[in-house]
file target01.pdb (PDB, C-alpha atoms and all ligand atoms)
ATOM      1  CA  MET A   1    -103.944  11.058 -70.678  1.00  0.00           C
ATOM      2  CA  GLU A   2    -106.991  12.233 -68.769  1.00  0.00           C
ATOM      3  CA  PRO A   3    -105.672  12.463 -65.228  1.00  0.00           C
ATOM      4  CA  THR A   4    -107.861  10.962 -62.535  1.00  0.00           C
ATOM      5  CA  ARG A   5    -107.706  11.203 -58.778  1.00  0.00           C
ATOM      6  CA  ASP A   6    -106.830   7.485 -58.601  1.00  0.00           C
ATOM      7  CA  ARG A   7    -104.006   7.900 -61.072  1.00  0.00           C
ATOM      8  CA  ALA A   8    -102.595  10.870 -59.109  1.00  0.00           C
ATOM      9  CA  TRP A   9    -102.789   8.892 -55.873  1.00  0.00           C
ATOM     10  CA  GLU A  10    -100.945   6.041 -57.574  1.00  0.00           C
ATOM     11  CA  THR A  11     -98.197   8.417 -58.760  1.00  0.00           C
ATOM     12  CA  LEU A  12     -97.957  10.083 -55.355  1.00  0.00           C
ATOM     13  CA  THR A  13     -97.667   6.850 -53.405  1.00  0.00           C
ATOM     14  CA  ARG A  14     -95.036   5.497 -55.784  1.00  0.00           C
ATOM     15  CA  TYR A  15     -92.720   8.406 -54.902  1.00  0.00           C
ATOM     16  CA  THR A  16     -93.865   9.108 -51.340  1.00  0.00           C
ATOM     17  CA  LYS A  17     -93.800   6.701 -48.403  1.00  0.00           C
ATOM     18  CA  SER A  18     -93.754   9.152 -45.480  1.00  0.00           C
ATOM     19  CA  GLU A  19     -97.052   9.160 -43.600  1.00  0.00           C
ATOM     20  CA  ALA A  20     -96.684  12.863 -42.789  1.00  0.00           C
ATOM     21  CA  LEU A  21     -96.279  13.754 -46.463  1.00  0.00           C
ATOM     22  CA  LEU A  22     -99.215  11.561 -47.500  1.00  0.00           C
ATOM     23  CA  ARG A  23    -101.375  13.210 -44.847  1.00  0.00           C
ATOM     24  CA  HIS A  24    -100.266  16.627 -46.071  1.00  0.00           C
ATOM     25  CA  ALA A  25    -101.298  15.660 -49.612  1.00  0.00           C
ATOM     26  CA  LEU A  26    -104.700  14.409 -48.390  1.00  0.00           C
ATOM     27  CA  ALA A  27    -105.289  17.597 -46.386  1.00  0.00           C
ATOM     28  CA  VAL A  28    -104.428  19.892 -49.299  1.00  0.00           C
ATOM     29  CA  GLU A  29    -106.564  17.699 -51.570  1.00  0.00           C
ATOM     30  CA  ALA A  30    -109.591  17.980 -49.282  1.00  0.00           C
ATOM     31  CA  SER A  31    -109.268  21.766 -48.967  1.00  0.00           C
ATOM     32  CA  THR A  32    -108.719  22.294 -52.675  1.00  0.00           C
ATOM     33  CA  ALA A  33    -111.685  20.024 -53.485  1.00  0.00           C
ATOM     34  CA  TRP A  34    -113.834  22.020 -51.051  1.00  0.00           C
ATOM     35  CA  TYR A  35    -113.082  25.171 -53.033  1.00  0.00           C
ATOM     36  CA  ALA A  36    -113.617  23.391 -56.368  1.00  0.00           C
ATOM     37  CA  ARG A  37    -117.161  22.556 -55.255  1.00  0.00           C
ATOM     38  CA  SER A  38    -117.698  26.030 -53.907  1.00  0.00           C
ATOM     39  CA  PHE A  39    -116.531  27.640 -57.181  1.00  0.00           C
ATOM     40  CA  GLY A  40    -118.302  25.049 -59.366  1.00  0.00           C
ATOM     41  CA  GLU A  41    -114.964  23.971 -60.871  1.00  0.00           C
ATOM     42  CA  ASP A  42    -113.626  20.595 -62.051  1.00  0.00           C
ATOM     43  CA  GLU A  43    -113.218  18.849 -58.700  1.00  0.00           C
ATOM     44  CA  GLU A  44    -111.403  15.810 -60.094  1.00  0.00           C
ATOM     45  CA  ARG A  45    -108.771  17.936 -61.856  1.00  0.00           C
ATOM     46  CA  TRP A  46    -108.296  20.061 -58.736  1.00  0.00           C
ATOM     47  CA  ARG A  47    -107.824  16.939 -56.611  1.00  0.00           C
ATOM     48  CA  VAL A  48    -105.187  15.659 -59.049  1.00  0.00           C
ATOM     49  CA  VAL A  49    -103.157  18.844 -58.796  1.00  0.00           C
ATOM     50  CA  ALA A  50    -103.415  18.997 -55.007  1.00  0.00           C
ATOM     51  CA  LEU A  51    -102.333  15.370 -54.566  1.00  0.00           C
ATOM     52  CA  LEU A  52     -99.354  15.886 -56.881  1.00  0.00           C
ATOM     53  CA  HIS A  53     -98.126  19.283 -55.664  1.00  0.00           C
ATOM     54  CA  ASP A  54     -95.492  17.782 -53.318  1.00  0.00           C
ATOM     55  CA  PHE A  55     -95.275  14.327 -54.923  1.00  0.00           C
ATOM     56  CA  ASP A  56     -91.484  14.660 -55.381  1.00  0.00           C
ATOM     57  CA  TYR A  57     -90.687  16.170 -51.994  1.00  0.00           C
ATOM     58  CA  GLU A  58     -89.411  12.893 -50.553  1.00  0.00           C
ATOM     59  CA  ILE A  59     -86.968  12.406 -53.436  1.00  0.00           C
ATOM     60  CA  HIS A  60     -86.280  16.173 -53.802  1.00  0.00           C
ATOM     61  CA  PRO A  61     -86.370  17.574 -50.268  1.00  0.00           C
ATOM     62  CA  THR A  62     -84.581  20.837 -51.050  1.00  0.00           C
ATOM     63  CA  LEU A  63     -85.734  23.900 -52.945  1.00  0.00           C
ATOM     64  CA  ASP A  64     -82.962  23.599 -55.527  1.00  0.00           C
ATOM     65  CA  GLN A  65     -84.864  20.481 -56.694  1.00  0.00           C
ATOM     66  CA  HIS A  66     -88.450  20.694 -55.394  1.00  0.00           C
ATOM     67  CA  PRO A  67     -90.718  21.008 -57.255  1.00  0.00           C
ATOM     68  CA  GLN A  68     -88.871  21.851 -60.459  1.00  0.00           C
ATOM     69  CA  ASP A  69     -87.137  18.476 -60.873  1.00  0.00           C
ATOM     70  CA  GLY A  70     -90.472  16.751 -60.360  1.00  0.00           C
ATOM     71  CA  ALA A  71     -91.946  18.403 -63.449  1.00  0.00           C
ATOM     72  CA  PRO A  72     -90.149  16.217 -66.047  1.00  0.00           C
ATOM     73  CA  ILE A  73     -91.290  13.128 -64.136  1.00  0.00           C
ATOM     74  CA  LEU A  74     -94.920  14.276 -64.296  1.00  0.00           C
ATOM     75  CA  ARG A  75     -94.571  14.965 -68.024  1.00  0.00           C
ATOM     76  CA  GLU A  76     -93.102  11.520 -68.543  1.00  0.00           C
ATOM     77  CA  GLU A  77     -96.012  10.024 -66.610  1.00  0.00           C
ATOM     78  CA  GLY A  78     -98.295  11.697 -69.132  1.00  0.00           C
ATOM     79  CA  TYR A  79     -99.819  14.488 -67.053  1.00  0.00           C
ATOM     80  CA  PRO A  80    -100.998  17.421 -69.161  1.00  0.00           C
ATOM     81  CA  GLU A  81     -99.028  20.645 -69.141  1.00  0.00           C
ATOM     82  CA  ASP A  82    -101.655  22.617 -67.195  1.00  0.00           C
ATOM     83  CA  VAL A  83    -101.322  20.124 -64.319  1.00  0.00           C
ATOM     84  CA  VAL A  84     -97.516  20.351 -64.384  1.00  0.00           C
ATOM     85  CA  GLU A  85     -97.555  24.140 -64.544  1.00  0.00           C
ATOM     86  CA  THR A  86    -100.008  24.420 -61.658  1.00  0.00           C
ATOM     87  CA  VAL A  87     -97.925  22.068 -59.527  1.00  0.00           C
ATOM     88  CA  LEU A  88     -94.863  24.241 -60.210  1.00  0.00           C
ATOM     89  CA  SER A  89     -96.746  27.429 -59.383  1.00  0.00           C
ATOM     90  CA  HIS A  90     -97.195  26.524 -55.697  1.00  0.00           C
ATOM     91  CA  ALA A  91     -93.509  27.173 -55.044  1.00  0.00           C
ATOM     92  CA  GLU A  92     -92.750  30.734 -53.980  1.00  0.00           C
ATOM     93  CA  HIS A  93     -89.125  30.577 -55.162  1.00  0.00           C
ATOM     94  CA  LEU A  94     -90.166  29.914 -58.783  1.00  0.00           C
ATOM     95  CA  HIS A  95     -92.093  33.215 -58.940  1.00  0.00           C
ATOM     96  CA  MET A  96     -94.667  31.914 -61.413  1.00  0.00           C
ATOM     97  CA  PRO A  97     -97.838  33.893 -62.007  1.00  0.00           C
ATOM     98  CA  ARG A  98    -100.862  32.520 -60.142  1.00  0.00           C
ATOM     99  CA  ASP A  99    -103.142  33.353 -63.023  1.00  0.00           C
ATOM    100  CA  THR A 100    -105.858  30.736 -62.565  1.00  0.00           C
ATOM    101  CA  GLN A 101    -108.329  30.136 -59.756  1.00  0.00           C
ATOM    102  CA  LEU A 102    -106.784  26.692 -59.210  1.00  0.00           C
ATOM    103  CA  LYS A 103    -103.272  28.118 -58.832  1.00  0.00           C
ATOM    104  CA  ARG A 104    -104.510  30.664 -56.306  1.00  0.00           C
ATOM    105  CA  THR A 105    -106.490  28.054 -54.415  1.00  0.00           C
ATOM    106  CA  LEU A 106    -103.629  25.554 -54.305  1.00  0.00           C
ATOM    107  CA  PHE A 107    -101.312  28.182 -52.903  1.00  0.00           C
ATOM    108  CA  ALA A 108    -103.920  29.336 -50.379  1.00  0.00           C
ATOM    109  CA  CYS A 109    -104.640  25.780 -49.190  1.00  0.00           C
ATOM    110  CA  ASP A 110    -101.066  24.484 -48.988  1.00  0.00           C
ATOM    111  CA  GLU A 111     -99.744  26.139 -45.836  1.00  0.00           C
ATOM    112  CA  LEU A 112    -103.089  26.675 -44.127  1.00  0.00           C
ATOM    113  CA  SER A 113    -104.110  23.002 -44.434  1.00  0.00           C
ATOM    114  CA  GLY A 114    -100.867  22.045 -42.719  1.00  0.00           C
ATOM    115  CA  PHE A 115    -101.372  24.597 -40.013  1.00  0.00           C
ATOM    116  CA  ILE A 116    -104.976  23.610 -39.284  1.00  0.00           C
ATOM    117  CA  HIS A 117    -103.947  19.970 -39.262  1.00  0.00           C
ATOM    118  CA  ALA A 118    -101.324  20.844 -36.635  1.00  0.00           C
ATOM    119  CA  CYS A 119    -103.930  22.741 -34.578  1.00  0.00           C
ATOM    120  CA  GLY A 120    -106.220  19.695 -34.686  1.00  0.00           C
ATOM    121  CA  LEU A 121    -103.460  17.354 -33.544  1.00  0.00           C
ATOM    122  CA  VAL A 122    -102.996  19.167 -30.229  1.00  0.00           C
ATOM    123  CA  ARG A 123    -106.719  19.358 -29.392  1.00  0.00           C
ATOM    124  CA  PRO A 124    -108.579  16.522 -27.630  1.00  0.00           C
ATOM    125  CA  THR A 125    -111.528  16.975 -30.007  1.00  0.00           C
ATOM    126  CA  GLY A 126    -109.370  17.483 -33.092  1.00  0.00           C
ATOM    127  CA  LEU A 127    -110.961  19.949 -35.490  1.00  0.00           C
ATOM    128  CA  ASP A 128    -114.373  19.854 -33.825  1.00  0.00           C
ATOM    129  CA  GLY A 129    -115.044  23.249 -32.285  1.00  0.00           C
ATOM    130  CA  LEU A 130    -111.838  24.783 -33.656  1.00  0.00           C
ATOM    131  CA  GLU A 131    -112.558  28.485 -34.115  1.00  0.00           C
ATOM    132  CA  PRO A 132    -110.730  30.945 -36.399  1.00  0.00           C
ATOM    133  CA  LYS A 133    -109.892  33.023 -33.338  1.00  0.00           C
ATOM    134  CA  SER A 134    -107.779  30.279 -31.782  1.00  0.00           C
ATOM    135  CA  VAL A 135    -106.150  29.526 -35.141  1.00  0.00           C
ATOM    136  CA  ARG A 136    -105.158  33.190 -35.446  1.00  0.00           C
ATOM    137  CA  LYS A 137    -103.767  33.120 -31.921  1.00  0.00           C
ATOM    138  CA  LYS A 138    -101.623  30.092 -32.747  1.00  0.00           C
ATOM    139  CA  LEU A 139    -100.420  31.771 -35.946  1.00  0.00           C
ATOM    140  CA  LYS A 140     -98.883  34.440 -33.727  1.00  0.00           C
ATOM    141  CA  GLN A 141     -96.906  31.845 -31.739  1.00  0.00           C
ATOM    142  CA  PRO A 142     -93.762  31.326 -33.829  1.00  0.00           C
ATOM    143  CA  SER A 143     -92.833  28.093 -32.018  1.00  0.00           C
ATOM    144  CA  PHE A 144     -96.148  26.396 -32.869  1.00  0.00           C
ATOM    145  CA  ALA A 145     -95.933  24.473 -36.184  1.00  0.00           C
ATOM    146  CA  ALA A 146     -92.771  26.467 -36.839  1.00  0.00           C
ATOM    147  CA  GLY A 147     -92.363  25.034 -40.349  1.00  0.00           C
ATOM    148  CA  VAL A 148     -95.521  26.750 -41.594  1.00  0.00           C
ATOM    149  CA  HIS A 149     -94.763  30.038 -43.335  1.00  0.00           C
ATOM    150  CA  ARG A 150     -97.115  32.575 -41.756  1.00  0.00           C
ATOM    151  CA  ASP A 151     -96.655  35.103 -44.543  1.00  0.00           C
ATOM    152  CA  GLU A 152     -97.900  32.498 -47.050  1.00  0.00           C
ATOM    153  CA  VAL A 153    -100.975  31.800 -44.906  1.00  0.00           C
ATOM    154  CA  TYR A 154    -101.933  35.488 -44.904  1.00  0.00           C
ATOM    155  CA  ALA A 155    -101.015  35.933 -48.584  1.00  0.00           C
ATOM    156  CA  GLY A 156    -103.157  32.924 -49.509  1.00  0.00           C
ATOM    157  CA  ALA A 157    -106.361  34.348 -48.049  1.00  0.00           C
ATOM    158  CA  GLU A 158    -105.610  37.656 -49.719  1.00  0.00           C
ATOM    159  CA  LEU A 159    -105.051  35.938 -53.047  1.00  0.00           C
ATOM    160  CA  LEU A 160    -108.437  34.220 -52.730  1.00  0.00           C
ATOM    161  CA  GLY A 161    -109.965  37.566 -51.863  1.00  0.00           C
ATOM    162  CA  ILE A 162    -111.523  36.370 -48.617  1.00  0.00           C
ATOM    163  CA  GLU A 163    -110.996  37.114 -44.931  1.00  0.00           C
ATOM    164  CA  LEU A 164    -108.587  34.804 -43.149  1.00  0.00           C
ATOM    165  CA  ASP A 165    -111.345  33.760 -40.721  1.00  0.00           C
ATOM    166  CA  GLU A 166    -113.549  32.601 -43.567  1.00  0.00           C
ATOM    167  CA  HIS A 167    -110.665  30.712 -45.174  1.00  0.00           C
ATOM    168  CA  VAL A 168    -109.944  29.024 -41.832  1.00  0.00           C
ATOM    169  CA  ARG A 169    -113.599  28.003 -41.430  1.00  0.00           C
ATOM    170  CA  ASN A 170    -113.650  26.577 -44.964  1.00  0.00           C
ATOM    171  CA  VAL A 171    -110.485  24.547 -44.468  1.00  0.00           C
ATOM    172  CA  VAL A 172    -111.661  23.239 -41.082  1.00  0.00           C
ATOM    173  CA  GLU A 173    -114.922  22.133 -42.718  1.00  0.00           C
ATOM    174  CA  ALA A 174    -112.986  20.546 -45.589  1.00  0.00           C
ATOM    175  CA  LEU A 175    -110.716  18.548 -43.286  1.00  0.00           C
ATOM    176  CA  GLN A 176    -113.341  17.315 -40.818  1.00  0.00           C
ATOM    177  CA  PRO A 177    -114.640  14.470 -43.022  1.00  0.00           C
ATOM    178  CA  ILE A 178    -111.122  13.028 -43.389  1.00  0.00           C
ATOM    179  CA  ALA A 179    -110.089  13.551 -39.740  1.00  0.00           C
ATOM    180  CA  PRO A 180    -109.423   9.805 -39.179  1.00  0.00           C
ATOM    181  CA  GLN A 181    -107.118   9.624 -42.233  1.00  0.00           C
ATOM    182  CA  LEU A 182    -105.255  12.647 -40.870  1.00  0.00           C
ATOM    183  CA  GLY A 183    -104.746  10.928 -37.512  1.00  0.00           C
ATOM    184  CA  LEU A 184    -107.060  13.382 -35.765  1.00  0.00           C
ATOM    185  CA  ARG A 185    -109.415  12.715 -32.892  1.00  0.00           C
ATOM    186  CA  THR A 186    -112.992  13.974 -33.097  1.00  0.00           C
ATOM    187  CA  ALA A 187    -115.554  14.968 -30.493  1.00  0.00           C
ATOM    188  CA  ALA A 188    -117.107  11.503 -30.963  1.00  0.00           C
ATOM    189  CA  THR A 189    -113.866   9.556 -30.398  1.00  0.00           C
ATOM    190  CA  GLU A 190    -113.046  11.781 -27.418  1.00  0.00           C
ATOM    191  CA  ALA A 191    -116.466  11.020 -25.852  1.00  0.00           C
ATOM    192  CA  ALA A 192    -115.938   7.286 -26.407  1.00  0.00           C
ATOM    193  CA  SER A 193    -112.511   7.245 -24.746  1.00  0.00           C
TER     194      SER A 193
HETATM  195 FE    FE B   1     -94.044  22.114 -52.047  1.00  0.00          FE
HETATM  196 FE    FE B   2     -97.349  21.373 -49.713  1.00  0.00          FE
END
call {"tool": "encode", "arguments": {"input": "target01.pdb", "output": "structure tokens"}}
result
Amino acid sequence: MEPTRDRAWETLTRYTKSEALLRHALAVEASTAWYARSFGEDEERWRVVALLHDFDYEIHPTLDQHPQDGAPILREEGYPEDVVETVLSHAEHLHMPRDTQLKRTLFACDELSGFIHACGLVRPTGLDGLEPKSVRKKLKQPSFAAGVHRDEVYAGAELLGIELDEHVRNVVEALQPIAPQLGLRTAATEAAS
């Protein structure tokens, strides 16, 4: 089976009904796709992996099941082994080598996309005008978006071999076009209200 973005979305939405989880998938997809374009990689394949990385979280909400128990489901659905392996590699507790650019990118985009999304939700203009400096400041406030693992945010940028500020700018740029789907305001909607 040649996995397509549409097919991955269909799989994801069959197992996931929560709006928050679907938005998380869309945010990680947009960030991962941004890097695929920037690296000249296979954007469709990267989107597939990003959409699927937490596809089983709703049915397997604990780390003794997620994402490892999702893997046989993906295999049964016909996804190729490289997709399954990359999905598994995002989980810290499985200690799998991140030996491809896609694995590194997925890991680097997972927590940061969630964090930037959270930053955008508390700003009247959403992501518009969001600077790395204020993202870094919020990273130092443990109570803000407390579920986001800070160490994974820092490790992700390091794994990509770029400064955190640059990674933040890239992810902000990646998420801006899908701001409405993420439930975010924009400078334009703020001006109209
Ligand atoms: Fe996950
Ligand atoms: Fe995730």
call {"tool": "resolve_selection", "arguments": {"input": "target01.pdb", "expression": "the PyMOL selection byres (((not hetatm)) within 12 of (chain B and resi 2))", "output": "PyMOL selection string"}}
result
chain A and resi 20-29+31-32+49-58+61+66-67+87-92+106-115+147-149+152
call {"tool": "atom_distance", "arguments": {"input": "target01.pdb", "atom1": "CA of Trp9 in chain A", "atom2": "CA of Leu160 in chain A"}}
result
26.1 Å
call {"tool": "atom_distance", "arguments": {"input": "target01.pdb", "atom1": "CA of Thr86 in chain A", "atom2": "CA of Pro3 in chain A"}}
result
13.7 Å
call {"tool": "atom_distance", "arguments": {"input": "target01.pdb", "atom1": "CA of Lys17 in chain A", "atom2": "CA of Val153 in chain A"}}
result
26.3 Å
call {"tool": "residues_near_point", "arguments": {"input": "target01.pdb", "point": "(-111.4, 25.1, -43.7)", "cutoff": "10 Å", "atoms": "only C-alpha atoms", "output": "list in words"}}
result
Ala30, Ser31, Thr32, Trp34, Tyr35, Cys109, Leu112, Ser113, Ile116, Leu127, Pro132, Asp165, Glu166, His167, Val168, Arg169, Asn170, Val171, Val172, Glu173, Ala174, Leu175 and Gln176 of chain A
call {"tool": "write_last_selection", "arguments": {"input": "target01.pdb", "atoms": "C-alpha atoms", "output": "PDB file, keeping the file's coordinate frame"}}
result
ATOM      1  CA  ALA A  30    -109.591  17.980 -49.282  1.00  0.00           C
ATOM      2  CA  SER A  31    -109.268  21.766 -48.967  1.00  0.00           C
ATOM      3  CA  THR A  32    -108.719  22.294 -52.675  1.00  0.00           C
ATOM      4  CA  TRP A  34    -113.834  22.020 -51.051  1.00  0.00           C
ATOM      5  CA  TYR A  35    -113.082  25.171 -53.033  1.00  0.00           C
ATOM      6  CA  CYS A 109    -104.640  25.780 -49.190  1.00  0.00           C
ATOM      7  CA  LEU A 112    -103.089  26.675 -44.127  1.00  0.00           C
ATOM      8  CA  SER A 113    -104.110  23.002 -44.434  1.00  0.00           C
ATOM      9  CA  ILE A 116    -104.976  23.610 -39.284  1.00  0.00           C
ATOM     10  CA  LEU A 127    -110.961  19.949 -35.490  1.00  0.00           C
ATOM     11  CA  PRO A 132    -110.730  30.945 -36.399  1.00  0.00           C
ATOM     12  CA  ASP A 165    -111.345  33.760 -40.721  1.00  0.00           C
ATOM     13  CA  GLU A 166    -113.549  32.601 -43.567  1.00  0.00           C
ATOM     14  CA  HIS A 167    -110.665  30.712 -45.174  1.00  0.00           C
ATOM     15  CA  VAL A 168    -109.944  29.024 -41.832  1.00  0.00           C
ATOM     16  CA  ARG A 169    -113.599  28.003 -41.430  1.00  0.00           C
ATOM     17  CA  ASN A 170    -113.650  26.577 -44.964  1.00  0.00           C
ATOM     18  CA  VAL A 171    -110.485  24.547 -44.468  1.00  0.00           C
ATOM     19  CA  VAL A 172    -111.661  23.239 -41.082  1.00  0.00           C
ATOM     20  CA  GLU A 173    -114.922  22.133 -42.718  1.00  0.00           C
ATOM     21  CA  ALA A 174    -112.986  20.546 -45.589  1.00  0.00           C
ATOM     22  CA  LEU A 175    -110.716  18.548 -43.286  1.00  0.00           C
ATOM     23  CA  GLN A 176    -113.341  17.315 -40.818  1.00  0.00           C
TER      24      GLN A 176
END
call {"tool": "closest_residue", "arguments": {"input": "target01.pdb", "among": "A:Glu163, A:Asp82, A:Asp69, A:Asp99", "to": "ligand FE 1 (chain B)", "atoms": "only C-alpha atoms and all ligand atoms"}}
result
A:Asp69
call {"tool": "resolve_selection", "arguments": {"input": "target01.pdb", "expression": "the PyMOL selection byres (((chain A and resi 11) around 10) and not hetatm)", "output": "list in words"}}
result
Arg5, Asp6, Arg7, Ala8, Trp9, Glu10, Leu12, Thr13, Arg14, Tyr15, Thr16, Leu51, Leu52, Phe55, Asp56, Ile73, Leu74 and Glu77 of chain A
call {"tool": "resolve_selection", "arguments": {"input": "target01.pdb", "expression": "the PyMOL selection byres (((chain A and resi 120) around 10) and not hetatm)", "output": "list of chain:residue names"}}
result
A:Gly114, A:Phe115, A:Ile116, A:His117, A:Ala118, A:Cys119, A:Leu121, A:Val122, A:Arg123, A:Pro124, A:Thr125, A:Gly126, A:Leu127, A:Asp128, A:Gly129, A:Leu130, A:Val135, A:Val172, A:Leu175, A:Gln176, A:Ala179, A:Leu182, A:Gly183, A:Leu184, A:Arg185, A:Thr186
call {"tool": "build_atoms", "arguments": {"input": "target01.pdb", "residues": "range 54-70 of chain A", "atoms": "N, CA and C atoms", "output": "tab-separated table (two decimals), in the coordinates of the input"}}
result
chain	number	residue	atom	x	y	z
A	54	ASP	N	-96.75	18.10	-54.01
A	54	ASP	CA	-95.49	17.78	-53.32
A	54	ASP	C	-95.07	16.34	-53.59
A	55	PHE	N	-95.50	15.77	-54.71
A	55	PHE	CA	-95.28	14.33	-54.92
A	55	PHE	C	-93.78	13.98	-54.91
A	56	ASP	N	-92.92	14.95	-55.28
A	56	ASP	CA	-91.48	14.66	-55.38
A	56	ASP	C	-90.69	15.13	-54.16
A	57	TYR	N	-91.40	15.57	-53.13
A	57	TYR	CA	-90.69	16.17	-51.99
A	57	TYR	C	-89.78	15.15	-51.29
A	58	GLU	N	-90.22	13.91	-51.24
A	58	GLU	CA	-89.41	12.89	-50.55
A	58	GLU	C	-88.11	12.63	-51.32
A	59	ILE	N	-88.19	12.64	-52.65
A	59	ILE	CA	-86.97	12.41	-53.44
A	59	ILE	C	-86.21	13.71	-53.71
A	60	HIS	N	-86.89	14.85	-53.59
A	60	HIS	CA	-86.28	16.17	-53.80
A	60	HIS	C	-86.58	17.08	-52.62
A	61	PRO	N	-85.95	16.83	-51.47
A	61	PRO	CA	-86.37	17.57	-50.27
A	61	PRO	C	-85.83	19.00	-50.16
A	62	THR	N	-85.10	19.47	-51.14
A	62	THR	CA	-84.58	20.84	-51.05
A	62	THR	C	-85.10	21.69	-52.21
A	63	LEU	N	-85.11	23.00	-51.97
A	63	LEU	CA	-85.73	23.90	-52.94
A	63	LEU	C	-84.92	24.07	-54.23
A	64	ASP	N	-83.67	23.56	-54.24
A	64	ASP	CA	-82.96	23.60	-55.53
A	64	ASP	C	-83.45	22.45	-56.44
A	65	GLN	N	-84.29	21.58	-55.88
A	65	GLN	CA	-84.86	20.48	-56.69
A	65	GLN	C	-86.39	20.45	-56.70
A	66	HIS	N	-86.98	20.77	-55.50
A	66	HIS	CA	-88.45	20.69	-55.39
A	66	HIS	C	-89.07	22.05	-55.67
A	67	PRO	N	-90.11	22.11	-56.49
A	67	PRO	CA	-90.72	21.01	-57.26
A	67	PRO	C	-90.21	20.92	-58.70
A	68	GLN	N	-89.21	21.74	-59.03
A	68	GLN	CA	-88.87	21.85	-60.46
A	68	GLN	C	-88.38	20.54	-61.07
A	69	ASP	N	-87.62	19.73	-60.30
A	69	ASP	CA	-87.14	18.48	-60.87
A	69	ASP	C	-88.22	17.40	-60.93
A	70	GLY	N	-89.34	17.68	-60.26
A	70	GLY	CA	-90.47	16.75	-60.36
A	70	GLY	C	-91.23	16.91	-61.67
